[in-house]
Structure formats: C-alpha cells, structure tokens
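Colleague: Supplied structure: structure-v8.tsv, TSV, C-alpha atoms and all ligand atoms.
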chain	number	residue	atom	x	y	z
A	13	MET	CA	34.27	-5.29	-41.90
A	14	PRO	CA	31.08	-6.03	-39.86
A	15	THR	CA	30.83	-9.51	-38.37
A	16	PRO	CA	27.55	-11.50	-38.18
A	17	SER	CA	27.27	-10.58	-34.50
A	18	ASP	CA	27.44	-6.86	-35.47
A	19	LYS	CA	24.52	-7.42	-37.80
A	20	VAL	CA	22.49	-9.17	-35.08
A	21	TYR	CA	23.27	-6.25	-32.78
A	22	ARG	CA	22.17	-3.68	-35.42
A	23	VAL	CA	18.92	-5.58	-36.11
A	24	LYS	CA	18.24	-5.76	-32.38
A	25	GLN	CA	19.03	-2.05	-31.99
A	26	SER	CA	16.74	-1.03	-34.84
A	27	ARG	CA	13.94	-3.24	-33.45
A	28	GLU	CA	14.32	-1.62	-30.04
A	29	GLU	CA	14.37	1.82	-31.67
A	30	MET	CA	11.20	0.97	-33.61
A	31	LEU	CA	9.43	-0.28	-30.46
A	32	ARG	CA	10.52	2.82	-28.55
A	33	LYS	CA	9.11	5.09	-31.30
A	34	LYS	CA	5.86	3.11	-31.28
A	35	ARG	CA	5.60	3.42	-27.48
A	36	ASP	CA	6.31	7.17	-27.63
A	37	GLY	CA	3.67	7.58	-30.35
A	38	MET	CA	1.08	5.70	-28.27
A	39	LYS	CA	1.98	7.75	-25.19
A	40	ARG	CA	1.49	10.99	-27.18
A	41	TRP	CA	-1.82	9.74	-28.61
A	42	ARG	CA	-3.08	8.82	-25.11
A	43	ALA	CA	-2.10	12.28	-23.76
A	44	GLU	CA	-3.84	14.03	-26.68
A	45	ASN	CA	-6.96	11.78	-26.64
A	46	PRO	CA	-7.67	10.91	-22.99
A	47	GLU	CA	-11.34	10.01	-23.51
A	48	ALA	CA	-10.70	7.87	-26.58
A	49	SER	CA	-7.78	6.26	-24.75
A	50	LYS	CA	-10.00	5.36	-21.77
A	51	ALA	CA	-12.67	3.94	-24.08
A	52	ARG	CA	-10.06	1.91	-25.96
A	53	THR	CA	-8.60	0.54	-22.70
A	54	LYS	CA	-12.09	-0.39	-21.45
A	55	LYS	CA	-12.96	-2.11	-24.75
A	56	ASN	CA	-9.66	-3.99	-24.64
A	57	HIS	CA	-10.27	-5.09	-21.05
A	58	ILE	CA	-13.74	-6.39	-21.94
A	59	LYS	CA	-12.42	-8.23	-25.00
A	60	HIS	CA	-9.44	-9.82	-23.17
A	61	ARG	CA	-11.02	-10.06	-19.70
A	62	ASP	CA	-10.23	-13.74	-19.03
A	63	GLU	CA	-6.64	-13.50	-20.29
A	64	ILE	CA	-6.03	-10.38	-18.17
A	65	ILE	CA	-7.49	-12.02	-15.04
A	66	ALA	CA	-5.39	-15.17	-15.63
A	67	ARG	CA	-2.23	-13.09	-16.18
A	68	VAL	CA	-2.79	-10.95	-13.07
A	69	THR	CA	-3.76	-13.97	-10.93
A	70	GLY	CA	-0.63	-15.80	-12.12
A	71	TRP	CA	1.57	-12.81	-11.32
A	72	VAL	CA	0.02	-12.44	-7.84
A	73	LYS	CA	0.62	-16.15	-7.09
A	74	ALA	CA	4.20	-15.99	-8.41
A	75	ASN	CA	5.03	-12.80	-6.45
A	76	PRO	CA	3.49	-13.12	-2.96
A	77	GLU	CA	5.96	-10.75	-1.26
A	78	ARG	CA	5.57	-7.97	-3.83
A	79	THR	CA	1.79	-8.43	-3.70
A	80	ALA	CA	1.78	-8.10	0.10
A	81	THR	CA	4.00	-4.99	-0.12
A	82	THR	CA	1.72	-3.39	-2.70
A	83	GLN	CA	-1.42	-4.27	-0.73
A	84	ARG	CA	0.06	-2.76	2.44
A	85	LYS	CA	1.08	0.37	0.54
A	86	CYS	CA	-2.46	0.78	-0.88
A	87	HIS	CA	-4.10	0.01	2.48
A	88	LEU	CA	-1.99	2.59	4.36
A	89	MET	CA	-2.58	5.24	1.70
A	90	GLN	CA	-6.32	4.59	1.30
A	91	LYS	CA	-7.16	4.23	4.99
A	92	TYR	CA	-4.64	6.57	6.66
A	93	GLY	CA	-3.14	8.71	3.86
A	94	ILE	CA	0.43	7.72	4.70
A	95	THR	CA	3.19	5.83	2.88
A	96	PRO	CA	4.97	2.76	4.36
A	97	ASP	CA	8.02	5.02	4.94
A	98	GLU	CA	5.91	7.51	6.90
A	99	TRP	CA	4.44	4.63	8.93
A	100	SER	CA	7.98	3.37	9.67
A	101	ALA	CA	9.08	6.88	10.72
A	102	ILE	CA	6.16	7.13	13.19
A	103	PHE	CA	6.94	3.66	14.58
A	104	ALA	CA	10.67	4.48	14.85
A	105	SER	CA	9.84	7.72	16.73
A	106	GLN	CA	7.99	5.53	19.29
A	107	GLY	CA	11.11	3.37	19.72
A	108	ARG	CA	9.39	0.56	17.77
A	109	ARG	CA	7.01	-0.03	20.69
A	110	CYS	CA	3.34	0.55	21.44
A	111	ALA	CA	2.76	4.30	21.97
A	112	ILE	CA	0.71	3.58	25.12
A	113	CYS	CA	2.00	0.53	27.04
A	114	ARG	CA	5.49	0.45	25.40
A	115	THR	CA	5.37	-3.28	24.63
A	116	PRO	CA	7.59	-4.46	21.76
A	117	ASN	CA	4.97	-7.14	20.94
A	118	PRO	CA	1.85	-6.21	18.91
A	119	HIS	CA	-0.21	-9.11	20.38
A	120	GLY	CA	-3.58	-9.97	18.80
A	121	LYS	CA	-4.40	-12.79	16.38
A	122	ARG	CA	-2.71	-11.16	13.39
A	123	LYS	CA	0.47	-10.31	15.33
A	124	SER	CA	0.62	-6.99	13.52
A	125	TRP	CA	0.61	-3.43	14.83
A	126	ASP	CA	-2.56	-1.33	14.78
A	127	THR	CA	-2.43	2.11	13.21
A	128	ASP	CA	-4.47	4.37	15.46
A	129	HIS	CA	-6.13	7.37	13.85
A	130	CYS	CA	-8.55	10.10	14.84
A	131	HIS	CA	-11.95	9.15	13.42
A	132	SER	CA	-12.99	12.77	12.84
A	133	THR	CA	-9.78	14.21	11.28
A	134	GLY	CA	-8.38	10.95	9.91
A	135	LYS	CA	-4.93	11.91	11.26
A	136	VAL	CA	-2.69	9.06	12.42
A	137	ARG	CA	-2.12	9.44	16.17
A	138	GLY	CA	0.27	6.57	16.67
A	139	ILE	CA	1.01	2.87	16.35
A	140	LEU	CA	-0.51	0.70	19.06
A	141	CYS	CA	-0.52	-2.91	20.18
A	142	HIS	CA	-3.85	-4.62	19.62
A	143	PRO	CA	-5.02	-4.59	23.30
A	144	CYS	CA	-4.28	-0.83	23.65
A	145	ASN	CA	-6.12	-0.08	20.41
A	146	MET	CA	-9.09	-2.12	21.66
A	147	MET	CA	-8.94	-0.27	24.98
A	148	ILE	CA	-9.19	3.23	23.50
A	149	GLY	CA	-11.71	1.99	20.91
A	150	GLY	CA	-13.83	0.52	23.72
A	151	ALA	CA	-13.72	3.93	25.44
A	152	LYS	CA	-14.81	5.49	22.11
A	153	ASP	CA	-11.57	7.54	22.10
A	154	ASN	CA	-12.94	9.53	25.06
A	155	PRO	CA	-10.16	10.63	27.49
A	156	GLU	CA	-12.76	11.31	30.22
A	157	THR	CA	-14.01	7.69	30.07
A	158	LEU	CA	-10.41	6.49	30.40
A	159	ARG	CA	-9.80	8.86	33.37
A	160	LEU	CA	-12.94	7.48	35.05
A	161	ALA	CA	-11.65	3.95	34.41
A	162	VAL	CA	-8.32	4.88	36.06
A	163	ASN	CA	-10.19	6.29	39.08
A	164	TYR	CA	-12.29	3.13	39.26
A	165	LEU	CA	-9.22	0.89	39.23
A	166	MET	CA	-7.44	3.07	41.82
A	167	LEU	CA	-10.45	2.84	44.13
A	168	ASN	CA	-10.98	-0.88	43.50
A	169	PRO	CA	-7.52	-2.44	43.35
A	201	ZN	ZN	-0.03	-1.30	24.02
Now that the file is in, can you turn its structure into structure tokens?

Modeller:
Amino acid sequence: MPTPSDKVYRVKQSREEMLRKKRDGMKRWRAENPEASKARTKKNHIKHRDEIIARVTGWVKANPERTATTQRKCHLMQKYGITPDEWSAIFASQGRRCAICRTPNPHGKRKSWDTDHCHSTGKVRGILCHPCNMMIGGAKDNPETLRLAVNYLMLNP
C-alpha cells in the first residue's frame, strides 16, 4: 500500500517529467525556428531588461571567483585564441617562469603574467614577465633592434 511519502514522490516525479517534456519541446522548437527563437529572446530581453540586469549583477557580485574565471577564459579566447588549460600548458613548458629572463615573479602593477603574441599572426609566443614584455614591445618585436641594444650595452658597460 503506498504511503503519503510515495505519493509526494510520484507527484514530484510527474512534475519533473512534465518540466522535462516542456524543456525538450522548447529546445525542438528553437532548433526548428531559429529566427523566430532569436526574435522571441530579443523581445523577452527588452521586456524584462531591468530584471535580467539585476539578476546578472546579483549573480556576478555573489560569485566573484567564478566571474573572474569566466572573464579570464573569455579574454584568453578572444585575444589569443587559447583556453586557460592551453595557457597553463605553455607556462608549465617554460618551468612556470618568464620565457626570457626566467624570473618566477611576473612583476608589474597587476602582478600577473603577460601573454606575448605575434601581432601579425596572432600566435602566442610565450608567457613573459611585465618588464620583458615591455622590452620587446619597446623594440617593436624587432630582433635586430634588440641585437643593436645588446651591442650598445656590451660597448658601454
Ligand atoms: Zn622576464
């Protein structure tokens, strides 16, 4: 004989089943009507703009670590086309030190490592400390300028 708790469980199960079917139906509709779906989403965003902003702002304030992780992930992908794991693999291959001067300290105001990339191909060359990144940036990434600077310093110790 079913107990009251069995009934509660069945009601909960059928509610979850109903919600799942509704979600699946909406997912199918969105896949079959991409333009209408976009228009509906846009209309909904306009209608509930303030609530959405308040909800997102609240979530961001309540989850600072996850927000920072997501921002870093987006920044690395948008600017350098790499994931945080790929960044970590590059840094690990450098022994977790600057690829030029080998310091374990990133220096600079932000105390974070600079991701050096080729400005014409966009390819990540390595992870640098801030002073080294400034140095090659100051030389406009030109190896000849840096060789001339070495000669200058050797001749004028
Ligand atoms: Zn360095």

Colleague: Show me which residues are within 6 Å of ligand ZN 201 (chain A) counting all atoms listed in the file, and format the list as a list in words.

Modeller: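 The residues near ligand ZN 201 (chain A) are Cys110, Ile112, Cys113, Arg114, Thr115, Leu140, Cys141 and Cys144 of chain A.
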
Colleague: Mind pulling up the distance from atom CA of Met38 of chain A to atom CA of Gln83 of chain A?

Modeller: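 A separation of 29.4 Å between them.
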
Colleague: Please determine, counting all atoms listed in the file, which residue among A:Glu47, A:Glu63, A:Glu29, A:Asp153 has the shortest atom-to-atom distance to Cys130 of chain A.

Modeller: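 Closest to Cys130 of chain A, using all atoms listed in the file: A:Asp153.
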
Colleague: Just give me the gap between atom CA of Met146 of chain A and atom CA of Leu160 of chain A in Å, one decimal is fine.

Modeller: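 Atom CA of Met146 of chain A sits 16.9 Å away from atom CA of Leu160 of chain A.
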
Colleague: Smallest atom-to-atom distance to Lys91 of chain A: which of A:Thr127, A:Asn56, A:Ser105, A:Asn75, using all atoms listed in the file?

Modeller: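 Once distances to Lys91 of chain A are computed over all atoms listed in the file, the minimum belongs to A:Thr127.
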
Colleague: Quick one: everything within 9 Å of His119 of chain A, counting only C-alpha atoms, minus sequence neighbours fewer than 5 positions away in the same chain. Send it as JSON, numbers by chain.

Modeller: {"A": [124, 125, 141, 142, 143]}

Colleague: Closest to Asp128 of chain A among A:Asp62, A:Met30, A:Pro116, A:Ile148, using all atoms listed in the file?

Modeller: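 Ranked by minimum distance to Asp128 of chain A, first place goes to A:Ile148.
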
Colleague: Would you mind reading off the distance between atom CA of Asp97 of chain A and atom CA of Arg84 of chain A, one decimal, in Å?

Modeller: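 That distance, rounded to one decimal, is 11.4 Å.
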